[in-house]
Amino acid sequence: MSNLERITFDPAVCYGKPVIRGMRYPVELLLELLSAGVTVEEILGDHPGLEADDVFAALGYAALVVAAA
């Protein structure tokens, strides 16, 4: 099952960048944290509004964007 429904776009939220569930957590932020070696558990601990599936949705979205390039 895909978690991509967790990725939303709204011009009123973060200038229309892809975010998690309409919140001000850009996909870009999660990818930067993961690429810096921050674990999913650390991300969730620092951002209590997020769920593990949100982080995995960000990864899935990034995979789709790269595949389309």
# chains A, B, ... in the order shown; residues from 1 in each chain; ligands from 1
call {"tool": "residues_around", "arguments": {"residues": "range 49-55 of chain A", "least_positions_apart": "5", "cutoff": "7 Å", "atoms": "only C-alpha atoms", "output": "number ranges by chain"}}
result
A: 3, 6, 20, 30, 40, 44
call {"tool": "select_by_dssp", "arguments": {"residues": "chain A", "states": "helix (DSSP H, G or I)", "output": "PyMOL selection string"}}
result
chain A and resi 4-6+14-16+27-35+40-46+52-68
call {"tool": "select_by_dssp", "arguments": {"residues": "chain A", "states": "strand (DSSP E or B)", "output": "list in words"}}
result
Ile7, Thr8, Val19, Ile20 and Pro26 of chain A
call {"tool": "closest_residue", "arguments": {"among": "A:Val19, A:Ile43, A:Val38, A:Leu29", "to": "Leu4 in chain A", "atoms": "only C-alpha atoms"}}
result
A:Val19
call {"tool": "atom_distance", "arguments": {"atom1": "CA of Gly22 in chain A", "atom2": "CA of Thr8 in chain A"}}
result
5.7 Å
call {"tool": "atom_distance", "arguments": {"atom1": "CA of Tyr15 in chain A", "atom2": "CA of Leu59 in chain A"}}
result
20.6 Å
